[in-house]
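Novice: Just one file: coords_21.pdb, with PDB, C-alpha atoms.
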```pdb
MODEL        1
ATOM      1  CA  MET A   1     -38.144   9.564  -8.260  1.00  0.00           C
ATOM      2  CA  LYS A   2     -36.586   6.961  -5.985  1.00  0.00           C
ATOM      3  CA  ASN A   3     -35.692   3.668  -7.636  1.00  0.00           C
ATOM      4  CA  LEU A   4     -33.553   1.928  -4.992  1.00  0.00           C
ATOM      5  CA  GLY A   5     -35.128  -0.393  -2.471  1.00  0.00           C
ATOM      6  CA  THR A   6     -33.926  -0.776   1.115  1.00  0.00           C
ATOM      7  CA  SER A   7     -31.812  -3.879   0.501  1.00  0.00           C
ATOM      8  CA  ASP A   8     -30.268  -2.312  -2.616  1.00  0.00           C
ATOM      9  CA  ARG A   9     -29.354   0.839  -0.690  1.00  0.00           C
ATOM     10  CA  LEU A  10     -27.825  -1.113   2.184  1.00  0.00           C
ATOM     11  CA  VAL A  11     -25.722  -3.197  -0.204  1.00  0.00           C
ATOM     12  CA  ARG A  12     -24.334   0.029  -1.630  1.00  0.00           C
ATOM     13  CA  VAL A  13     -23.371   1.211   1.846  1.00  0.00           C
ATOM     14  CA  ILE A  14     -21.485  -2.041   2.517  1.00  0.00           C
ATOM     15  CA  LEU A  15     -19.731  -1.856  -0.865  1.00  0.00           C
ATOM     16  CA  ALA A  16     -18.743   1.742  -0.142  1.00  0.00           C
ATOM     17  CA  ASP A  17     -17.296   0.557   3.165  1.00  0.00           C
ATOM     18  CA  LEU A  18     -15.191  -2.030   1.321  1.00  0.00           C
ATOM     19  CA  CYS A  19     -14.014   0.522  -1.252  1.00  0.00           C
ATOM     20  CA  ILE A  20     -12.801   2.862   1.485  1.00  0.00           C
ATOM     21  CA  LEU A  21     -11.063  -0.009   3.276  1.00  0.00           C
ATOM     22  CA  ILE A  22      -9.271  -1.211   0.132  1.00  0.00           C
ATOM     23  CA  ALA A  23      -8.318   2.322  -0.902  1.00  0.00           C
ATOM     24  CA  PHE A  24      -6.867   3.280   2.480  1.00  0.00           C
ATOM     25  CA  PHE A  25      -4.822   0.143   3.127  1.00  0.00           C
ATOM     26  CA  TRP A  26      -3.992  -1.403  -0.237  1.00  0.00           C
ATOM     27  CA  MET A  27      -3.977   1.137  -3.062  1.00  0.00           C
ATOM     28  CA  GLY A  28      -1.632   3.806  -4.376  1.00  0.00           C
ATOM     29  CA  ARG A  29      -2.726   7.422  -4.602  1.00  0.00           C
ATOM     30  CA  ALA A  30      -4.233   7.222  -8.102  1.00  0.00           C
ATOM     31  CA  TRP A  31      -6.461   4.217  -7.334  1.00  0.00           C
ATOM     32  CA  GLN A  32      -7.304   5.665  -3.923  1.00  0.00           C
ATOM     33  CA  MET A  33      -9.004   8.623  -5.591  1.00  0.00           C
ATOM     34  CA  VAL A  34     -10.988   6.314  -7.879  1.00  0.00           C
ATOM     35  CA  LEU A  35     -12.192   4.130  -5.022  1.00  0.00           C
ATOM     36  CA  TYR A  36     -12.985   7.074  -2.742  1.00  0.00           C
ATOM     37  CA  LEU A  37     -15.032   8.638  -5.542  1.00  0.00           C
ATOM     38  CA  LEU A  38     -16.830   5.337  -6.157  1.00  0.00           C
ATOM     39  CA  ALA A  39     -17.590   5.055  -2.430  1.00  0.00           C
ATOM     40  CA  PHE A  40     -18.947   8.612  -2.387  1.00  0.00           C
ATOM     41  CA  VAL A  41     -21.239   7.875  -5.339  1.00  0.00           C
ATOM     42  CA  MET A  42     -22.606   4.721  -3.699  1.00  0.00           C
ATOM     43  CA  VAL A  43     -23.200   6.464  -0.362  1.00  0.00           C
ATOM     44  CA  PHE A  44     -24.947   9.325  -2.192  1.00  0.00           C
ATOM     45  CA  GLN A  45     -27.155   6.856  -4.053  1.00  0.00           C
ATOM     46  CA  ALA A  46     -27.972   5.030  -0.822  1.00  0.00           C
ATOM     47  CA  ALA A  47     -28.855   8.296   0.920  1.00  0.00           C
ATOM     48  CA  THR A  48     -31.061   9.627  -1.887  1.00  0.00           C
ATOM     49  CA  GLY A  49     -32.480   6.302  -3.039  1.00  0.00           C
ATOM     50  CA  VAL A  50     -31.803   7.246  -6.660  1.00  0.00           C
ATOM     51  CA  CYS A  51     -29.528   5.526  -9.183  1.00  0.00           C
ATOM     52  CA  GLY A  52     -29.048   7.201 -12.568  1.00  0.00           C
ATOM     53  CA  PHE A  53     -28.032   3.927 -14.220  1.00  0.00           C
ATOM     54  CA  TYR A  54     -31.231   2.296 -13.001  1.00  0.00           C
ATOM     55  CA  ASN A  55     -33.182   5.205 -14.577  1.00  0.00           C
ATOM     56  CA  LEU A  56     -31.558   4.484 -17.929  1.00  0.00           C
ATOM     57  CA  MET A  57     -32.414   0.780 -17.624  1.00  0.00           C
ATOM     58  CA  GLY A  58     -35.913   1.451 -16.354  1.00  0.00           C
ATOM     59  CA  ARG A  59     -35.165  -0.600 -13.272  1.00  0.00           C
ATOM     60  CA  ASN A  60     -36.757  -0.027  -9.879  1.00  0.00           C
ATOM     61  CA  THR A  61     -36.046  -2.095  -6.759  1.00  0.00           C
ATOM     62  CA  CYS A  62     -38.320  -0.185  -4.398  1.00  0.00           C
ATOM     63  CA  GLU A  63     -40.687  -2.456  -2.499  1.00  0.00           C
ATOM     64  CA  ARG A  64     -44.226  -2.406  -3.779  1.00  0.00           C
ATOM     65  CA  ILE A  65     -45.538  -2.880  -0.272  1.00  0.00           C
ATOM     66  CA  LYS A  66     -44.063  -0.426   2.193  1.00  0.00           C
ATOM     67  CA  ARG A  67     -42.622  -2.189   5.187  1.00  0.00           C
ATOM     68  CA  LYS A  68     -40.305  -1.432   8.048  1.00  0.00           C
ATOM     69  CA  ASP A  69     -36.739  -2.651   7.637  1.00  0.00           C
ATOM     70  CA  LYS A  70     -35.331  -1.731  11.019  1.00  0.00           C
ATOM     71  CA  LYS A  71     -33.858  -5.195  11.537  1.00  0.00           C
ATOM     72  CA  MET A  72     -32.174  -5.121   8.140  1.00  0.00           C
ATOM     73  CA  VAL A  73     -30.700  -1.697   8.868  1.00  0.00           C
ATOM     74  CA  VAL A  74     -29.382  -2.869  12.249  1.00  0.00           C
ATOM     75  CA  VAL A  75     -27.867  -6.024  10.730  1.00  0.00           C
ATOM     76  CA  THR A  76     -26.237  -3.974   7.983  1.00  0.00           C
ATOM     77  CA  ALA A  77     -24.830  -1.491  10.494  1.00  0.00           C
ATOM     78  CA  VAL A  78     -23.371  -4.337  12.557  1.00  0.00           C
ATOM     79  CA  LEU A  79     -21.947  -5.927   9.414  1.00  0.00           C
ATOM     80  CA  MET A  80     -20.346  -2.629   8.397  1.00  0.00           C
ATOM     81  CA  VAL A  81     -18.663  -2.291  11.792  1.00  0.00           C
ATOM     82  CA  LEU A  82     -17.405  -5.886  11.605  1.00  0.00           C
ATOM     83  CA  VAL A  83     -16.112  -5.450   8.054  1.00  0.00           C
ATOM     84  CA  ALA A  84     -14.392  -2.182   8.937  1.00  0.00           C
ATOM     85  CA  GLY A  85     -12.902  -3.512  12.182  1.00  0.00           C
ATOM     86  CA  ALA A  86     -11.819  -6.961  11.026  1.00  0.00           C
ATOM     87  CA  GLY A  87     -10.776  -5.688   7.606  1.00  0.00           C
ATOM     88  CA  SER A  88      -8.675  -2.889   9.077  1.00  0.00           C
ATOM     89  CA  TYR A  89      -6.957  -5.189  11.566  1.00  0.00           C
ATOM     90  CA  ALA A  90      -6.201  -7.826   8.937  1.00  0.00           C
ATOM     91  CA  SER A  91      -5.000  -5.205   6.458  1.00  0.00           C
ATOM     92  CA  VAL A  92      -2.625  -3.628   8.976  1.00  0.00           C
ATOM     93  CA  ILE A  93      -1.048  -7.010   9.770  1.00  0.00           C
ATOM     94  CA  MET A  94      -0.884  -8.246   6.182  1.00  0.00           C
ATOM     95  CA  THR A  95       0.501  -5.053   4.618  1.00  0.00           C
ATOM     96  CA  LYS A  96       3.099  -4.800   7.388  1.00  0.00           C
ATOM     97  CA  ASN A  97       4.270  -8.374   6.785  1.00  0.00           C
ATOM     98  CA  ILE A  98       4.433  -7.768   3.036  1.00  0.00           C
ATOM     99  CA  LEU A  99       6.509  -4.623   3.609  1.00  0.00           C
ATOM    100  CA  LYS A 100       8.862  -6.588   5.888  1.00  0.00           C
ATOM    101  CA  GLU A 101       9.351  -9.187   3.154  1.00  0.00           C
ATOM    102  CA  ASP A 102       9.981  -6.520   0.540  1.00  0.00           C
ATOM    103  CA  LEU A 103      12.555  -4.799   2.754  1.00  0.00           C
ATOM    104  CA  ALA A 104      14.216  -8.159   3.337  1.00  0.00           C
ATOM    105  CA  SER A 105      14.465  -8.613  -0.443  1.00  0.00           C
ATOM    106  CA  ILE A 106      16.595  -5.450  -0.484  1.00  0.00           C
ATOM    107  CA  GLU A 107      18.618  -6.155   2.635  1.00  0.00           C
ATOM    108  CA  GLU A 108      19.870  -9.568   1.534  1.00  0.00           C
ATOM    109  CA  PRO A 109      21.701  -8.359  -1.611  1.00  0.00           C
ATOM    110  CA  TYR A 110      22.609  -5.146   0.221  1.00  0.00           C
ATOM    111  CA  ASN A 111      24.384  -7.073   2.982  1.00  0.00           C
ATOM    112  CA  LEU A 112      26.126  -9.319   0.458  1.00  0.00           C
ATOM    113  CA  THR A 113      27.317  -6.285  -1.514  1.00  0.00           C
ATOM    114  CA  LEU A 114      28.640  -4.694   1.667  1.00  0.00           C
ATOM    115  CA  LEU A 115      30.468  -7.912   2.526  1.00  0.00           C
ATOM    116  CA  SER A 116      32.021  -8.217  -0.934  1.00  0.00           C
ATOM    117  CA  THR A 117      33.214  -4.613  -0.990  1.00  0.00           C
ATOM    118  CA  GLU A 118      34.633  -4.971   2.511  1.00  0.00           C
ATOM    119  CA  GLN A 119      36.581  -8.072   1.437  1.00  0.00           C
ATOM    120  CA  ASP A 120      37.756  -6.351  -1.766  1.00  0.00           C
ATOM    121  CA  LEU A 121      36.103  -8.949  -4.025  1.00  0.00           C
ATOM    122  CA  ARG A 122      35.500  -7.023  -7.220  1.00  0.00           C
ATOM    123  CA  ASN A 123      33.662  -9.602  -9.345  1.00  0.00           C
ATOM    124  CA  GLU A 124      31.408 -10.640  -6.476  1.00  0.00           C
ATOM    125  CA  SER A 125      30.760  -6.994  -5.659  1.00  0.00           C
ATOM    126  CA  ILE A 126      29.632  -6.301  -9.227  1.00  0.00           C
ATOM    127  CA  SER A 127      27.284  -9.292  -9.444  1.00  0.00           C
ATOM    128  CA  ARG A 128      25.796  -8.644  -6.007  1.00  0.00           C
ATOM    129  CA  TYR A 129      25.434  -4.948  -6.748  1.00  0.00           C
ATOM    130  CA  GLU A 130      23.394  -5.776  -9.839  1.00  0.00           C
ATOM    131  CA  LEU A 131      21.083  -7.946  -7.731  1.00  0.00           C
ATOM    132  CA  LEU A 132      20.761  -5.114  -5.223  1.00  0.00           C
ATOM    133  CA  ASN A 133      19.993  -2.612  -7.952  1.00  0.00           C
ATOM    134  CA  THR A 134      17.280  -4.870  -9.400  1.00  0.00           C
ATOM    135  CA  SER A 135      15.661  -5.505  -5.998  1.00  0.00           C
ATOM    136  CA  LEU A 136      15.751  -1.836  -5.070  1.00  0.00           C
ATOM    137  CA  GLY A 137      14.228  -0.844  -8.400  1.00  0.00           C
ATOM    138  CA  ALA A 138      11.331  -3.249  -7.881  1.00  0.00           C
ATOM    139  CA  PHE A 139      10.804  -1.937  -4.338  1.00  0.00           C
ATOM    140  CA  ASN A 140      10.784   1.701  -5.445  1.00  0.00           C
ATOM    141  CA  LYS A 141       8.373   0.973  -8.287  1.00  0.00           C
ATOM    142  CA  LYS A 142       5.932  -0.585  -5.831  1.00  0.00           C
ATOM    143  CA  TYR A 143       6.193   1.933  -2.997  1.00  0.00           C
ATOM    144  CA  SER A 144       6.823   5.235  -4.780  1.00  0.00           C
ATOM    145  CA  ASP A 145       3.056   5.794  -5.014  1.00  0.00           C
ATOM    146  CA  TYR A 146       1.895   3.529  -2.211  1.00  0.00           C
ATOM    147  CA  ASP A 147       2.361   3.887   1.536  1.00  0.00           C
ATOM    148  CA  PRO A 148       1.270   0.839   3.567  1.00  0.00           C
ATOM    149  CA  PHE A 149      -0.208   1.602   6.965  1.00  0.00           C
ATOM    150  CA  ALA A 150       3.072   0.828   8.783  1.00  0.00           C
ATOM    151  CA  VAL A 151       4.728   3.840   7.127  1.00  0.00           C
ATOM    152  CA  LYS A 152       1.684   5.895   6.125  1.00  0.00           C
ATOM    153  CA  PHE A 153       2.348   8.475   8.825  1.00  0.00           C
ATOM    154  CA  ASP A 154       6.151   8.294   8.635  1.00  0.00           C
ATOM    155  CA  GLU A 155       7.115  11.563   6.955  1.00  0.00           C
ATOM    156  CA  LYS A 156      10.719  10.386   6.562  1.00  0.00           C
ATOM    157  CA  PHE A 157      10.028   7.089   4.771  1.00  0.00           C
ATOM    158  CA  GLN A 158       9.910   8.316   1.163  1.00  0.00           C
ATOM    159  CA  GLY A 159      12.842  10.667   1.728  1.00  0.00           C
ATOM    160  CA  ASP A 160      14.975   7.946   3.307  1.00  0.00           C
ATOM    161  CA  MET A 161      14.233   5.504   0.486  1.00  0.00           C
ATOM    162  CA  THR A 162      15.116   8.194  -2.065  1.00  0.00           C
ATOM    163  CA  ASN A 163      18.431   8.733  -0.283  1.00  0.00           C
ATOM    164  CA  VAL A 164      19.124   4.993  -0.236  1.00  0.00           C
ATOM    165  CA  SER A 165      18.485   4.834  -3.982  1.00  0.00           C
ATOM    166  CA  MET A 166      20.811   7.771  -4.602  1.00  0.00           C
ATOM    167  CA  ILE A 167      23.543   6.166  -2.486  1.00  0.00           C
ATOM    168  CA  VAL A 168      23.251   2.864  -4.346  1.00  0.00           C
ATOM    169  CA  LYS A 169      23.329   4.671  -7.695  1.00  0.00           C
ATOM    170  CA  ALA A 170      26.369   6.710  -6.665  1.00  0.00           C
ATOM    171  CA  SER A 171      28.197   3.531  -5.597  1.00  0.00           C
ATOM    172  CA  ARG A 172      27.965   1.977  -9.054  1.00  0.00           C
ATOM    173  CA  GLN A 173      30.986   3.718 -10.550  1.00  0.00           C
ATOM    174  CA  ASP A 174      33.149   2.967  -7.498  1.00  0.00           C
ATOM    175  CA  ILE A 175      32.264  -0.726  -7.684  1.00  0.00           C
ATOM    176  CA  PHE A 176      32.799  -1.071 -11.417  1.00  0.00           C
ATOM    177  CA  THR A 177      36.128   0.823 -11.329  1.00  0.00           C
ATOM    178  CA  GLY A 178      37.417  -1.167  -8.370  1.00  0.00           C
ATOM    179  CA  LEU A 179      37.193   1.532  -5.683  1.00  0.00           C
ATOM    180  CA  LEU A 180      35.536  -0.914  -3.351  1.00  0.00           C
ATOM    181  CA  SER A 181      36.486   0.776  -0.074  1.00  0.00           C
ATOM    182  CA  ASP A 182      34.794   3.978  -1.245  1.00  0.00           C
ATOM    183  CA  ALA A 183      31.736   2.036  -2.365  1.00  0.00           C
ATOM    184  CA  HIS A 184      31.613   0.257   0.992  1.00  0.00           C
ATOM    185  CA  ALA A 185      31.671   3.544   2.869  1.00  0.00           C
ATOM    186  CA  ARG A 186      28.816   4.918   0.757  1.00  0.00           C
ATOM    187  CA  LEU A 187      26.703   1.794   1.049  1.00  0.00           C
ATOM    188  CA  ALA A 188      27.194   1.663   4.825  1.00  0.00           C
ATOM    189  CA  VAL A 189      25.352   4.985   5.086  1.00  0.00           C
ATOM    190  CA  GLY A 190      22.445   3.605   3.090  1.00  0.00           C
ATOM    191  CA  LYS A 191      22.356   0.518   5.276  1.00  0.00           C
ATOM    192  CA  SER A 192      21.996   2.675   8.374  1.00  0.00           C
ATOM    193  CA  LEU A 193      19.045   4.463   6.731  1.00  0.00           C
ATOM    194  CA  LEU A 194      17.306   1.142   6.144  1.00  0.00           C
ATOM    195  CA  GLN A 195      17.913   0.161   9.765  1.00  0.00           C
ATOM    196  CA  ASN A 196      16.460   3.468  10.934  1.00  0.00           C
ATOM    197  CA  ILE A 197      13.289   2.846   8.899  1.00  0.00           C
ATOM    198  CA  LYS A 198      12.877  -0.602  10.434  1.00  0.00           C
ATOM    199  CA  LYS A 199      13.369   0.660  13.987  1.00  0.00           C
ATOM    200  CA  ARG A 200      11.212   3.747  13.534  1.00  0.00           C
ATOM    201  CA  ASP A 201       8.259   1.869  12.023  1.00  0.00           C
ATOM    202  CA  GLY A 202       8.466  -1.383  13.986  1.00  0.00           C
ATOM    203  CA  LEU A 203       9.532  -3.478  10.995  1.00  0.00           C
ATOM    204  CA  GLU A 204      12.297  -5.466  12.687  1.00  0.00           C
TER     205      GLU A 204
ENDMDL
END
```
Could you rewrite the structure in this file as C-alpha cells?

Specialist:
Amino acid sequence: MKNLGTSDRLVRVILADLCILIAFFWMGRAWQMVLYLLAFVMVFQAATGVCGFYNLMGRNTCERIKRKDKKMVVVTAVLMVLVAGAGSYASVIMTKNILKEDLASIEEPYNLTLLSTEQDLRNESISRYELLNTSLGAFNKKYSDYDPFAVKFDEKFQGDMTNVSMIVKASRQDIFTGLLSDAHARLAVGKSLLQNIKKRDGLE
C-alpha cells in the first residue's frame, strides 16, 4: 500500500539528485557507493510511493483528497535541472581550485628542495625535504581514493602521482647522506611529472 504523498515523493527525487551530485564531484569511491545506493533507494521509493520506514512508524503522507499536482511536478523538475546544472558547474570550478591549491602545497617545498640540492646546501635540503615529504603524504592521503572532476578522466594521474611519491622516497637516502647532485637529478624527474599533470589537466 502506498504511503508517500506527492510532495514527499518529489522531495525524495530532489534529495536523490543532491546525493548523486555530491557523490560524483566530492566523494571518494567508498562514500560514492553509499550515496549512489541512497539515491537509488530514494528514487525507488518515489517511483513506487512506498517507504518501508513509514510502514514501521505507521505514517502515511498520501493526500486524503486526490488532486492533480502537475504544477508541483513541473516546479520540481525545473528545480532538479537547476540544482544539477548549477551544482555541477560550481562543483567543477571549486574542486579544480582546491586541487590547484593542493598541488601548490607540494610544489612550493618541492621547488625549495630542488634549489637546495642544486646549491649543495645539505642542512637546508634535509629540512625542506621533510616539508616536501609531509605535504606529499597529505596530498596522497586525500587523493588516493578521490578523483576530482579535473582529473577524473585522466588515466595517468594516479600513476604519475605514484611515480612522484616513489621518486621523492628514493631521494631521501641521497639527501641524508649528502649525495645532493644525485637527489637533484631524481627530483627533477618528479618535477617534470607534476608539470605534465598541470598542463594535461589545465591546472596551471

Novice: Show me, as a VMD selection string, the residues that have an atom within 8 Å of segment 17-26 of chain A when counting only C-alpha atoms, minus same-chain residues fewer than 2 positions from it.

Specialist: chain A and resid 13 to 15 28 31 to 33 35 to 36 38 to 39 80 83 to 84 87 to 88 91 to 92 95 146 148 to 149

Novice: Tell me which protein, DNA and RNA residues are within 12 Å of Met166 of chain A, counting all atoms listed in the file, leaving out same-chain ones fewer than 5 positions away, and put them as a PyMOL selection string.

Specialist: chain A and resi 133+136-137+140+159-161+171-172+186-187+189-190+193

Novice: For the structure shown, which residues end up in the PyMOL selection byres ((chain A and resi 122) around 9)? Put them as a list in words, please?

Specialist: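 Against this file, the PyMOL selection byres ((chain A and resi 122) around 9) returns the residues Ser116, Thr117, Gln119, Asp120, Leu121, Asn123, Glu124, Ser125, Ile126, Ser127, Ile175, Phe176, Thr177, Gly178, Leu179 and Leu180 of chain A.
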
Novice: Measuring between only C-alpha atoms, which one of A:Asp102, A:Glu107, A:Met72, A:Ala90 shows the shortest distance to Ala138 of chain A?

Specialist: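 For Ala138 of chain A, the nearest of the candidates is A:Asp102.
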
Novice: Run through the PyMOL selection byres ((chain A and resi 145) around 9) on the given coordinates and return the selected residues as a list in words.

Specialist: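 Selected by the PyMOL selection byres ((chain A and resi 145) around 9) in this file: Met27, Gly28, Arg29, Ala30, Asn140, Lys141, Lys142, Tyr143, Ser144, Tyr146 and Asp147 of chain A.
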
Novice: The selected residues should be written to file as a PDB file, in the frame of the given file (atoms: C-alpha atoms).

Specialist:
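The new file selection29.pdb reads:
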```
ATOM      1  CA  MET A  27      -3.977   1.137  -3.062  1.00  0.00           C
ATOM      2  CA  GLY A  28      -1.632   3.806  -4.376  1.00  0.00           C
ATOM      3  CA  ARG A  29      -2.726   7.422  -4.602  1.00  0.00           C
ATOM      4  CA  ALA A  30      -4.233   7.222  -8.102  1.00  0.00           C
ATOM      5  CA  ASN A 140      10.784   1.701  -5.445  1.00  0.00           C
ATOM      6  CA  LYS A 141       8.373   0.973  -8.287  1.00  0.00           C
ATOM      7  CA  LYS A 142       5.932  -0.585  -5.831  1.00  0.00           C
ATOM      8  CA  TYR A 143       6.193   1.933  -2.997  1.00  0.00           C
ATOM      9  CA  SER A 144       6.823   5.235  -4.780  1.00  0.00           C
ATOM     10  CA  TYR A 146       1.895   3.529  -2.211  1.00  0.00           C
ATOM     11  CA  ASP A 147       2.361   3.887   1.536  1.00  0.00           C
TER      12      ASP A 147
END
```

Novice: Atom CA of Leu132 of chain A and atom CA of Ile106 of chain A, how far apart in Å?

Specialist: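 One can read the atom CA of Ile106 of chain A to atom CA of Leu132 of chain A distance as 6.3 Å.
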
Novice: Let me make sure I understand: among A:Ala86, A:Ala170, A:Ala150, A:Ile197, which one has the smallest atom-to-atom distance to His184 of chain A if we use all atoms listed in the file?

Specialist: A:Ala170

Novice: Counting all atoms listed in the file, what is within 8 Å of Gly49 of chain A, bar same-chain residues fewer than 3 positions away, as JSON, numbers by chain?

Specialist: {"A": [2, 3, 4, 5, 9, 45, 46]}

Novice: Could you turn the residues from that selection into a file that holds C-alpha atoms, as a PDB file, in the frame of the given file?

Specialist:
```
ATOM      1  CA  LYS A   2     -36.586   6.961  -5.985  1.00  0.00           C
ATOM      2  CA  ASN A   3     -35.692   3.668  -7.636  1.00  0.00           C
ATOM      3  CA  LEU A   4     -33.553   1.928  -4.992  1.00  0.00           C
ATOM      4  CA  GLY A   5     -35.128  -0.393  -2.471  1.00  0.00           C
ATOM      5  CA  ARG A   9     -29.354   0.839  -0.690  1.00  0.00           C
ATOM      6  CA  GLN A  45     -27.155   6.856  -4.053  1.00  0.00           C
ATOM      7  CA  ALA A  46     -27.972   5.030  -0.822  1.00  0.00           C
TER       8      ALA A  46
END
```

Novice: Rounded to one decimal, what separation in Å do you get between atom CA of Val43 of chain A and atom CA of Lys71 of chain A?

Specialist: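 Atom CA of Lys71 of chain A lies at a distance of 19.8 Å from atom CA of Val43 of chain A.
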